[in-house]
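Student: Sharing a structure below in structure tokens format, with a few things to ask.
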Amino acid sequence: MKKIISLICLLFLLPSAFALDIEVTDPYMRELIPGTQVTSAYMTIKNSGAKDITFTSVTSVVSEKIEIHEHTMKDGMMQMGKLDSIIIKAGEEVTLQPHGLHLMVFNPTMPVKAGQQVDVVLHFDNEQQTTVTMPVKGLKPAHNH
Ligand SMILES: [Cu+2]
């Protein structure tokens, strides 16, 4: 009987314990360029909560190594560097986009071709996480008409 009660308690506690203030929009991963072993992924992460959230890491079946990167200009040259984390302030959003912040996906375990969908888990501080399903987009802009 005690077991059943604790199970019920757990069911009630779970939704609030895992409630996220994080909303991810427009996620996508770039198609893998043939002959290369690295691609990138983008999205907008919004923090609708009252506290700052730190985006710390990414895991996925598509790769054992996904890093948070930023592009910076140095002496007129575009350079890329690894970030340990990104702070998303309360009520604000951070956009990962080409030539800016991005996720770097190393040695994908699958071809990563346009039309596929890739599940990626974003990890935040306080052990929060959210799974994002990313469509894979082709290298050329899509023709809509
Ligand atoms: Cu990069």
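Naming works like this for the structure tokens: A, B, ... for the chains as they're shown, residue 1 at the start of each chain, ligands 1 onward in shown order.
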Within 6 Å of ligand 1, counting only C-alpha atoms and all ligand atoms, which protein or nucleic acid residues do you find, written as a PyMOL selection string?
Tutor: chain A and resi 69+80+104
Student: Taking only chain A into account, list the residues labelled alpha helix (DSSP H) by DSSP (computed from the backbone), as an MDAnalysis selection string.
Tutor: chainID A and resid 2:17
Student: Those residues with C-alpha atoms, as an mmCIF file, in the first residue's frame please?
Tutor:
data_model
loop_
_atom_site.group_PDB
_atom_site.id
_atom_site.type_symbol
_atom_site.label_atom_id
_atom_site.label_comp_id
_atom_site.auth_asym_id
_atom_site.auth_seq_id
_atom_site.Cartn_x
_atom_site.Cartn_y
_atom_site.Cartn_z
ATOM 1 C CA LYS A 2 2.809 2.365 0.875
ATOM 2 C CA LYS A 3 4.300 1.693 -2.520
ATOM 3 C CA ILE A 4 1.094 2.707 -4.284
ATOM 4 C CA ILE A 5 0.853 5.957 -2.316
ATOM 5 C CA SER A 6 4.412 6.940 -3.085
ATOM 6 C CA LEU A 7 3.823 6.128 -6.726
ATOM 7 C CA ILE A 8 0.787 8.412 -6.787
ATOM 8 C CA CYS A 9 2.811 11.138 -5.092
ATOM 9 C CA LEU A 10 5.494 10.731 -7.715
ATOM 10 C CA LEU A 11 2.963 11.097 -10.518
ATOM 11 C CA PHE A 12 1.730 14.350 -9.044
ATOM 12 C CA LEU A 13 5.198 15.691 -8.410
ATOM 13 C CA LEU A 14 6.703 14.830 -11.773
ATOM 14 C CA PRO A 15 5.011 17.440 -13.961
ATOM 15 C CA SER A 16 5.948 20.333 -11.683
ATOM 16 C CA ALA A 17 9.431 19.001 -11.018
#
Student: What residues in chain A get the DSSP label strand (DSSP E)? Please answer as a PyMOL selection string.
Tutor: chain A and resi 22-30+38-47+53-60+65-74+77-83+86-88+93-96+102-106+117-124+129-137
Student: For Met110 (chain A), work out the shell of residues within 8 Å, counting only C-alpha atoms and skipping chain neighbours fewer than 2 positions away, then give it as a list in words.
Tutor: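 Once the nearby chain positions are removed, what remains is Val62, Pro108 and Val112 of chain A.
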Student: Taking only C-alpha atoms into account, which of A:His71, A:His123, A:Lys140, A:Lys82 comes nearest Val58 (chain A)?
Tutor: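 Checking each of A:His71, A:His123, A:Lys140, A:Lys82 against Val58 (chain A), counting only C-alpha atoms, the winner is A:His123.
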Student: Can you tell me which residues surround region 25-37 of chain A at a distance of at most 8 Å, considering only C-alpha atoms, apart from same-chain residues fewer than 2 positions away, and format the answer as a list in words?
Tutor: Glu23, Thr39, Ser40, Ala41, Tyr42, Met43, Thr44, Ile45, Phe106, Asn107, Pro108, Pro111, Val112, Lys113, Ala114, Val118, Val132, Thr133, Met134, Pro135, Val136, Lys137, Gly138 and Leu139 of chain A
Student: Can you pull out every residue within 8 Å of Ser48 (chain A), counting only C-alpha atoms, but drop anything in the same chain fewer than 2 positions away, and send it as a PyMOL selection string?
Tutor: chain A and resi 21-23+46+50+90-92
Student: Next, the residues of the selection above should be written as a JSON list (two decimals), in the first residue's frame with C-alpha atoms.
Tutor:
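As written to disk, part_27.json reads:
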[["chain", "number", "residue", "atom", "x", "y", "z"],
["A", 21, "ASP", "CA", 10.46, 27.50, -18.90],
["A", 22, "ILE", "CA", 12.28, 26.73, -22.12],
["A", 23, "GLU", "CA", 10.74, 26.98, -25.55],
["A", 46, "LYS", "CA", 13.49, 31.15, -25.26],
["A", 50, "ALA", "CA", 11.68, 34.29, -14.00],
["A", 90, "ALA", "CA", 14.91, 35.41, -17.74],
["A", 91, "GLY", "CA", 12.34, 36.42, -20.33],
["A", 92, "GLU", "CA", 14.89, 36.55, -23.13]]
Student: Restricting the calculation to only C-alpha atoms, which member of A:Leu96, A:Val120, A:Val38, A:Ile87 is positioned closest to Ser60 (chain A)?
Tutor: A:Val120
Student: Hey, which of A:Asp52, A:Glu93, A:Glu67, A:Asp75 ends up closest to Leu122 (chain A)? Count only C-alpha atoms.
Tutor: A:Glu67
